[in-house]
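Below is the file work-v6.tsv, which contains TSV, C-alpha atoms and all ligand atoms.
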chain	number	residue	atom	x	y	z
F	84	MET	CA	118.41	257.00	44.32
F	85	LEU	CA	122.11	256.62	43.55
F	86	GLU	CA	123.48	253.10	43.66
F	87	ASN	CA	126.02	252.19	46.32
F	88	ALA	CA	129.64	253.09	45.62
F	89	VAL	CA	130.60	249.45	46.11
F	90	GLU	CA	128.34	246.42	45.92
F	91	VAL	CA	129.90	243.04	46.59
F	92	ARG	CA	127.76	239.89	46.36
F	93	ASP	CA	128.86	236.44	47.53
F	94	VAL	CA	132.45	236.99	46.42
F	95	VAL	CA	134.80	234.02	46.55
F	96	VAL	CA	138.59	234.26	46.08
F	97	LYS	CA	140.73	231.14	45.89
F	98	TYR	CA	144.46	230.60	45.68
F	99	GLY	CA	144.72	226.96	44.64
F	100	GLU	CA	143.46	224.97	47.59
F	101	VAL	CA	143.19	228.05	49.85
F	102	THR	CA	139.83	229.85	49.94
F	103	ALA	CA	140.83	233.35	51.05
F	104	VAL	CA	137.36	234.90	50.67
F	105	ASP	CA	134.40	232.60	51.14
F	106	GLY	CA	131.13	234.20	50.02
F	107	VAL	CA	131.38	237.77	51.27
F	108	SER	CA	128.69	240.38	50.59
F	109	LEU	CA	128.88	244.04	51.54
F	110	SER	CA	128.01	247.48	50.26
F	111	VAL	CA	129.54	250.90	50.71
F	112	PRO	CA	126.88	253.63	50.53
F	113	ARG	CA	128.00	256.74	48.61
F	114	GLY	CA	129.84	259.27	50.74
F	115	SER	CA	130.48	256.85	53.58
F	116	ILE	CA	133.47	255.07	55.05
F	117	LEU	CA	133.44	251.30	55.43
F	118	ALA	CA	136.20	249.54	57.37
F	119	LEU	CA	137.02	245.92	56.69
F	120	LEU	CA	138.42	244.75	59.98
F	121	GLY	CA	140.19	241.45	60.47
F	122	ASN	CA	143.27	239.59	61.59
F	123	ASN	CA	146.18	238.82	59.28
F	124	GLY	CA	145.02	236.48	56.56
F	125	ALA	CA	141.31	237.18	57.08
F	126	GLY	CA	140.93	237.92	53.35
F	127	LYS	CA	140.70	241.72	53.42
F	128	THR	CA	143.31	242.48	50.76
F	129	SER	CA	141.99	239.74	48.48
F	130	LEU	CA	138.49	241.22	48.63
F	131	LEU	CA	139.85	244.70	48.01
F	132	GLN	CA	141.75	243.46	44.95
F	133	VAL	CA	138.48	242.19	43.48
F	134	CYS	CA	136.90	245.63	43.98
F	135	GLU	CA	139.94	247.34	42.45
F	136	GLY	CA	139.73	245.07	39.41
F	137	PHE	CA	143.20	243.62	39.99
F	138	ARG	CA	141.76	240.12	40.07
F	139	GLY	CA	138.46	238.53	39.10
F	140	PRO	CA	136.37	236.77	41.76
F	141	ASP	CA	136.21	232.96	41.67
F	142	GLY	CA	132.54	233.31	42.56
F	143	GLY	CA	130.00	236.09	43.09
F	144	SER	CA	130.24	239.60	41.71
F	145	ALA	CA	131.42	243.13	42.44
F	146	ARG	CA	130.07	246.44	41.12
F	147	VAL	CA	132.04	249.62	41.71
F	148	LEU	CA	130.47	253.01	41.01
F	149	GLY	CA	127.87	251.00	39.09
F	150	LEU	CA	130.52	249.46	36.83
F	151	ASP	CA	132.31	246.14	36.46
F	152	PRO	CA	135.83	246.50	37.95
F	153	ILE	CA	137.43	244.40	35.19
F	154	ALA	CA	135.31	244.97	32.08
F	155	ASP	CA	135.03	248.72	32.77
F	156	HIS	CA	138.56	249.11	34.16
F	157	ASP	CA	139.57	252.01	31.88
F	158	ASP	CA	136.45	254.05	32.66
F	159	LEU	CA	136.73	253.32	36.33
F	160	MET	CA	140.41	253.99	37.04
F	161	PRO	CA	140.31	257.81	36.72
F	162	ARG	CA	137.46	257.86	39.26
F	163	LEU	CA	139.26	255.74	41.85
F	164	GLY	CA	142.02	256.44	44.38
F	165	ILE	CA	143.99	253.35	45.26
F	166	MET	CA	146.52	253.06	48.06
F	167	LEU	CA	148.27	249.72	48.04
F	168	GLN	CA	149.73	248.00	51.11
F	169	SER	CA	153.25	248.35	49.72
F	170	GLY	CA	153.07	251.72	48.04
F	171	GLY	CA	155.86	250.86	45.56
F	172	VAL	CA	155.96	253.82	43.22
F	173	TYR	CA	159.15	255.01	41.52
F	174	PRO	CA	161.89	254.57	44.15
F	175	TRP	CA	164.37	256.91	42.45
F	176	ALA	CA	161.96	259.84	41.99
F	177	THR	CA	161.39	262.49	44.65
F	178	ALA	CA	158.17	262.78	46.62
F	179	GLY	CA	157.31	266.02	44.80
F	180	GLU	CA	158.01	264.52	41.36
F	181	ILE	CA	155.89	261.45	42.07
F	182	LEU	CA	152.94	263.48	43.26
F	183	ARG	CA	153.18	265.91	40.34
F	184	LEU	CA	153.34	262.99	37.91
F	185	PHE	CA	150.15	261.47	39.29
F	186	ALA	CA	148.51	264.89	39.37
F	187	SER	CA	149.31	265.27	35.66
F	188	TYR	CA	147.21	262.17	34.88
F	189	ALA	CA	144.11	263.73	36.46
F	190	ALA	CA	141.64	266.08	34.77
F	191	ASP	CA	141.17	268.21	37.87
F	192	PRO	CA	143.90	267.40	40.37
F	193	LEU	CA	144.23	268.73	43.88
F	194	ASP	CA	146.93	271.30	44.52
F	195	VAL	CA	150.12	269.28	45.03
F	196	ASP	CA	151.72	271.69	47.52
F	197	MET	CA	148.54	271.81	49.58
F	198	LEU	CA	148.47	268.00	49.71
F	199	LEU	CA	152.17	267.82	50.67
F	200	ASP	CA	151.43	270.30	53.46
F	201	ARG	CA	148.33	268.43	54.67
F	202	LEU	CA	150.32	265.23	55.01
F	203	GLY	CA	153.38	266.89	56.52
F	204	LEU	CA	155.45	265.97	53.47
F	205	ARG	CA	156.50	269.42	52.22
F	206	LYS	CA	159.99	269.10	53.68
F	207	PHE	CA	160.44	265.80	51.81
F	208	ALA	CA	159.37	267.18	48.42
F	209	LYS	CA	162.93	266.84	47.13
F	210	THR	CA	163.66	263.53	48.89
F	211	ARG	CA	163.79	260.37	46.82
F	212	PHE	CA	161.05	257.83	47.58
F	213	ARG	CA	163.51	255.14	48.68
F	214	ARG	CA	165.06	257.54	51.20
F	215	LEU	CA	161.72	258.18	52.92
F	216	SER	CA	160.88	256.27	56.10
F	217	GLY	CA	158.13	253.64	55.98
F	218	GLY	CA	155.59	256.02	57.48
F	219	GLU	CA	156.55	258.83	55.08
F	220	GLN	CA	156.23	256.46	52.12
F	221	GLN	CA	152.77	255.51	53.39
F	222	ARG	CA	151.76	259.17	53.55
F	223	LEU	CA	153.02	259.76	50.03
F	224	SER	CA	151.08	256.73	48.79
F	225	LEU	CA	147.97	258.20	50.38
F	226	ALA	CA	148.66	261.53	48.67
F	227	VAL	CA	149.02	259.70	45.33
F	228	ALA	CA	145.66	258.00	45.91
F	229	LEU	CA	143.95	261.31	46.63
F	230	VAL	CA	145.56	263.76	44.21
F	231	GLY	CA	143.15	263.02	41.35
F	232	ARG	CA	140.05	263.91	43.43
F	233	PRO	CA	138.67	260.36	43.29
F	234	GLU	CA	135.00	259.58	43.91
F	235	LEU	CA	135.91	256.37	45.67
F	236	VAL	CA	139.09	255.51	47.56
F	237	PHE	CA	140.47	252.08	48.42
F	238	LEU	CA	142.94	252.16	51.30
F	239	ASP	CA	144.76	248.98	52.28
F	240	GLU	CA	145.93	249.42	55.88
F	241	PRO	CA	146.46	253.14	55.36
F	242	THR	CA	148.23	253.86	58.63
F	243	ALA	CA	150.44	250.78	58.85
F	244	GLY	CA	153.92	251.83	59.97
F	245	MET	CA	152.90	255.39	60.83
F	246	ASP	CA	153.70	257.04	64.13
F	247	VAL	CA	150.89	258.39	66.30
F	248	GLY	CA	151.03	261.92	64.86
F	249	ALA	CA	150.98	260.76	61.23
F	250	ARG	CA	148.14	258.38	62.01
F	251	GLN	CA	146.09	261.23	63.46
F	252	THR	CA	146.78	263.42	60.40
F	253	THR	CA	145.76	260.58	58.12
F	254	TRP	CA	142.55	259.98	60.04
F	255	GLU	CA	141.66	263.66	59.78
F	256	LEU	CA	142.33	263.61	56.06
F	257	VAL	CA	140.25	260.48	55.50
F	258	ASP	CA	137.49	261.95	57.65
F	259	SER	CA	137.51	265.12	55.54
F	260	LEU	CA	137.00	263.00	52.40
F	261	ARG	CA	133.58	262.01	53.70
F	262	ALA	CA	132.67	265.69	54.06
F	263	ASP	CA	133.52	266.09	50.36
F	264	GLY	CA	131.19	263.21	49.47
F	265	VAL	CA	134.00	260.76	48.71
F	266	SER	CA	133.33	257.08	49.48
F	267	VAL	CA	136.02	255.07	51.23
F	268	LEU	CA	136.63	251.35	51.59
F	269	LEU	CA	139.57	250.66	53.86
F	270	THR	CA	141.11	247.63	55.48
F	271	THR	CA	142.59	247.69	58.93
F	272	HIS	CA	143.39	245.50	61.85
F	273	LEU	CA	143.37	248.51	64.15
F	274	LEU	CA	140.22	248.65	66.21
F	275	ASP	CA	140.58	252.30	67.09
F	276	GLU	CA	140.98	253.13	63.41
F	277	ALA	CA	137.72	251.36	62.55
F	278	GLU	CA	135.93	252.79	65.57
F	279	SER	CA	136.94	256.39	65.00
F	280	LEU	CA	136.71	256.54	61.19
F	281	ALA	CA	134.12	254.17	59.88
F	282	ASP	CA	130.39	254.62	59.36
F	283	HIS	CA	130.13	250.87	58.85
F	284	VAL	CA	132.39	248.07	59.97
F	285	VAL	CA	132.58	244.60	58.47
F	286	ILE	CA	134.48	242.18	60.68
F	287	MET	CA	136.07	239.46	58.55
F	288	ASP	CA	137.31	236.23	60.01
F	289	ASN	CA	138.85	233.43	58.01
F	290	GLY	CA	137.37	234.61	54.70
F	291	THR	CA	133.82	235.19	55.93
F	292	VAL	CA	131.83	238.04	57.47
F	293	ALA	CA	131.70	237.50	61.22
F	294	ALA	CA	129.67	240.64	61.97
F	295	THR	CA	128.60	243.87	60.37
F	296	GLY	CA	127.12	247.15	61.54
F	297	THR	CA	127.96	250.64	62.67
F	298	PRO	CA	130.53	250.74	65.49
F	299	ALA	CA	127.65	251.64	67.84
F	300	GLU	CA	125.49	248.72	66.64
F	301	LEU	CA	128.35	246.28	66.98
F	302	THR	CA	129.13	247.32	70.52
F	303	ALA	CA	125.45	247.47	71.51
F	304	ALA	CA	124.62	243.99	70.20
F	305	ALA	CA	124.16	241.15	72.65
F	306	GLY	CA	124.79	242.76	75.99
F	307	ILE	CA	126.51	246.07	76.10
F	308	ASP	CA	127.83	246.20	79.58
F	309	LEU	CA	130.58	244.72	81.62
F	310	LEU	CA	130.47	244.87	85.37
F	311	GLN	CA	133.67	244.24	87.24
F	312	VAL	CA	133.55	243.41	90.93
F	313	ARG	CA	136.50	242.87	93.24
F	314	ALA	CA	135.94	240.61	96.25
F	315	GLU	CA	137.62	237.58	97.79
F	316	PRO	CA	138.66	234.89	95.34
F	317	GLY	CA	137.00	231.55	94.73
F	318	LEU	CA	133.32	232.43	95.11
F	319	ALA	CA	130.86	229.95	93.57
F	320	ILE	CA	129.86	232.17	90.67
F	321	ALA	CA	127.86	229.58	88.74
F	322	THR	CA	124.74	230.42	90.76
F	323	LEU	CA	125.12	234.11	89.94
F	324	ALA	CA	125.46	233.35	86.24
F	325	GLU	CA	122.31	231.25	86.41
F	326	GLN	CA	120.35	233.85	88.32
F	327	LEU	CA	121.28	236.65	85.94
F	328	ASP	CA	121.51	234.73	82.69
F	329	ALA	CA	124.82	236.52	82.15
F	330	LYS	CA	128.39	235.43	81.61
F	331	VAL	CA	130.25	235.52	84.90
F	332	THR	CA	133.98	234.85	85.07
F	333	GLU	CA	136.73	235.22	87.60
F	334	ASP	CA	139.43	236.76	85.40
F	335	GLY	CA	142.07	237.02	88.12
F	336	PRO	CA	141.99	236.11	91.84
F	337	GLY	CA	138.95	237.95	93.18
F	338	GLU	CA	138.43	239.90	89.91
F	339	TYR	CA	134.93	239.04	88.76
F	340	ALA	CA	133.51	240.12	85.39
F	341	ILE	CA	129.83	239.99	84.62
F	342	ALA	CA	128.97	240.46	80.95
F	343	GLY	CA	125.42	240.87	79.78
F	344	THR	CA	122.68	243.40	79.32
F	345	LEU	CA	122.78	244.97	82.74
F	346	ASP	CA	120.42	247.57	84.15
F	347	THR	CA	120.11	249.12	87.60
F	348	GLU	CA	118.04	246.19	88.87
F	349	SER	CA	120.53	243.57	87.79
F	350	LEU	CA	123.31	245.67	89.28
F	351	ALA	CA	121.48	245.57	92.60
F	352	GLU	CA	120.97	241.81	92.17
F	353	VAL	CA	124.68	241.29	91.66
F	354	LEU	CA	125.61	243.22	94.78
F	355	ALA	CA	122.92	241.41	96.78
F	356	TRP	CA	124.36	238.10	95.60
F	357	PHE	CA	127.84	239.08	96.83
F	358	ALA	CA	126.32	240.20	100.13
F	359	ARG	CA	124.49	236.86	100.54
F	360	ALA	CA	127.73	235.05	99.80
F	361	GLY	CA	129.24	236.94	102.75
F	362	ALA	CA	131.79	238.50	100.42
F	363	GLN	CA	133.57	241.76	101.08
F	364	VAL	CA	133.20	243.83	97.89
F	365	THR	CA	136.10	246.27	97.60
F	366	ALA	CA	135.56	247.68	94.11
F	367	VAL	CA	132.80	247.88	91.51
F	368	ASN	CA	133.32	249.16	88.02
F	369	THR	CA	130.98	249.35	85.03
F	370	ARG	CA	132.21	249.58	81.51
F	371	ARG	CA	130.58	249.78	78.09
F	372	ARG	CA	131.74	247.18	75.66
F	373	THR	CA	134.23	248.39	73.12
F	374	LEU	CA	134.65	247.22	69.57
F	375	GLU	CA	137.67	245.36	70.87
F	376	ASP	CA	135.53	243.21	73.18
F	377	VAL	CA	133.21	242.36	70.28
F	378	TYR	CA	136.09	241.72	67.92
F	379	LEU	CA	137.94	239.43	70.29
F	380	ALA	CA	134.79	237.49	71.08
F	381	LEU	CA	134.08	236.98	67.36
F	382	THR	CA	137.56	236.17	66.15
F	383	ALA	CA	138.81	234.54	69.35
F	384	GLY	CA	141.62	237.08	69.03
F	385	ALA	CA	143.67	234.53	67.21
F	386	THR	CA	145.87	234.99	64.19
F	387	ARG	CA	145.52	231.88	62.17
F	401	LIG	N1	148.96	235.15	46.05
F	401	LIG	C1	148.59	234.29	46.97
F	401	LIG	N2	148.83	232.98	46.86
F	401	LIG	C2	148.43	232.10	47.80
F	401	LIG	N3	147.79	232.42	48.92
F	401	LIG	C3	147.52	233.72	49.11
F	401	LIG	C4	147.91	234.72	48.15
F	401	LIG	N4	147.50	235.94	48.62
F	401	LIG	C5	146.89	235.70	49.80
F	401	LIG	N5	146.90	234.38	50.09
F	401	LIG	C6	146.30	233.74	51.29
F	401	LIG	O1	144.94	234.11	51.36
F	401	LIG	C7	144.54	234.41	52.69
F	401	LIG	C8	143.99	235.82	52.78
F	401	LIG	O2	145.02	236.76	52.50
F	401	LIG	P1	144.76	238.34	52.44
F	401	LIG	O3	146.04	238.98	52.08
F	401	LIG	O4	143.58	238.61	51.58
F	401	LIG	O5	144.38	238.62	53.95
F	401	LIG	P2	144.39	240.00	54.75
F	401	LIG	O6	143.16	239.96	55.59
F	401	LIG	O7	144.52	241.15	53.82
F	401	LIG	O8	145.68	239.86	55.64
F	401	LIG	P3	146.72	241.00	56.16
F	401	LIG	O9	146.03	241.73	57.26
F	401	LIG	O10	147.83	240.16	56.66
F	401	LIG	O11	147.09	241.84	55.00
F	401	LIG	C9	145.78	234.17	53.55
F	401	LIG	O12	145.68	232.89	54.09
F	401	LIG	C10	146.92	234.27	52.56
F	401	LIG	O13	148.01	233.48	52.98
Take the structure I supplied and represent it as structure tokens, if you would.
Amino acid sequence: MLENAVEVRDVVVKYGEVTAVDGVSLSVPRGSILALLGNNGAGKTSLLQVCEGFRGPDGGSARVLGLDPIADHDDLMPRLGIMLQSGGVYPWATAGEILRLFASYAADPLDVDMLLDRLGLRKFAKTRFRRLSGGEQQRLSLAVALVGRPELVFLDEPTAGMDVGARQTTWELVDSLRADGVSVLLTTHLLDEAESLADHVVIMDNGTVAATGTPAELTAAAGIDLLQVRAEPGLAIATLAEQLDAKVTEDGPGEYAIAGTLDTESLAEVLAWFARAGAQVTAVNTRRRTLEDVYLALTAGATR
């Protein structure tokens, strides 16, 4: 069996007193997309830099396409596509020139015009990099990362600064990489990006792994449902929480939320409880948990 495209074991990254990555392990199976999801400062870029060979880990190890990212840097680089957060290529060169230059480094590059078309950049082919908008620069950086037909792509917040249309185009392009057997490790703090693109999600919080799984596994874990009931405010919900062994909160006046693993029986129990309390129920709504619910619960939604 082929080894994983990326294998990270107990990686630690320190900046002086700051421990940015604190013992993270993960693997990216070949031909799959893994999203590193986390708030600002969670340690995503630092971990990516270790995988890219731009810095050595202060602890643990990383293997990329079976090689050591630093010792085997020269062998590895032609097989990787790297899109940095600030895609600073040559600011005075045009988009077309930049892409052609990077294509010339590759043994079997993609067709430059096709790539410009795919990313909606054809009309900017003669525009200098520094004259492109932030989102257009991002798209060009993505094109640069992909032009050499890499086996593995590292994307650091690939859609940051893009408008909705460009984001959609980028997602489609990244999705099509998987169909071509390319492996992708990307960072994002966009939940919908992780949910719609990734086969596996690793939620990082404060330098550690807070949770890991497929988007479906993450949302199914520990109670998948939310039940929202509208009735009069101020009901004594503690007894309902006890009875159901679920989390019951009054989120706004008369807006009750019951979170737990709920089936038809427990639904009936909830409504019976409201009836016994003499409450007038005016609305009932069930909702599956989203990745956002899981993410906020794990990271407390806070930017440190
Ligand atoms: N060169 C550096 N020197 C000192 N501290 C750094 C350096 N680079 C990053 N850090 C710190 O390490 C922590 C992790 O940063 P990192 O950039 O890896 O996080 P991130 O998850 O990629 O964040 P973002 O989403 O904002 O890009 C932060 O607290 C950051 O301030």
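Those protein and nucleic acid residues that have any atom within 6 Å of ligand LIG 401 (chain F) are, using all atoms listed in the file, Tyr98, Ala103, Gly121, Asn122, Asn123, Gly124, Ala125, Gly126, Lys127, Thr128 and Ser129 of chain F.
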- At what distance in Å, to one decimal, does CA of Val230 in chain F lie from CA of Leu167 in chain F?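 Value for the CA of Leu167 in chain F-CA of Val230 in chain F distance: 14.8 Å.
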- Message: Rounded to one decimal, what separation in Å do you get between CA of Val364 in chain F and CA of Thr344 in chain F?
- Response: 21.3 Å
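Near Pro161 in chain F, within 10 Å and counting all atoms listed in the file, sit His156, Asp157, Asp158, Gly164, Tyr188, Ala189, Ala190, Gly231, Arg232, Pro233 and Glu234 of chain F; same-chain residues fewer than 3 positions away were not included.
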- Item | Residue among F:Thr271, F:Thr373, F:Val367, F:Leu327 lying closest to Ala299 in chain F, counting only C-alpha atoms |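 Nearest candidate to Ala299 in chain F out of F:Thr271, F:Thr373, F:Val367, F:Leu327: F:Thr373.
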- Query: What's the 8 Å shell around range 256-260 of chain F, counting all atoms listed in the file, without same-chain residues fewer than 4 positions away, as JSON, numbers by chain?
  - Reply: {"F": [201, 252, 264, 265, 266, 280]}
- One-decimal distance in Å that lies between CA of Ala293 in chain F and CA of Gly106 in chain F: 11.7 Å
- Give the answer as one residue: which of F:Leu198, F:Leu159, F:Ile286, F:Ile165 has the shortest atom-to-atom distance to Leu182 in chain F, using only C-alpha atoms?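 Of F:Leu198, F:Leu159, F:Ile286, F:Ile165, the one nearest Leu182 in chain F, counting only C-alpha atoms, is F:Leu198.
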- Message: Can you tell me which residues surround Arg92 in chain F at a distance of at most 8 Å, considering only C-alpha atoms, apart from same-chain residues fewer than 6 positions away, and format the answer as a count of residues only?
- Response: 7
- Show which residues sit within 12 Å of Glu90 in chain F, as a PyMOL selection string. Count all atoms listed in the file, and ignore same-chain residues fewer than 5 positions away. chain F and resi 107-113+117+130-131+133-134+143-152+268
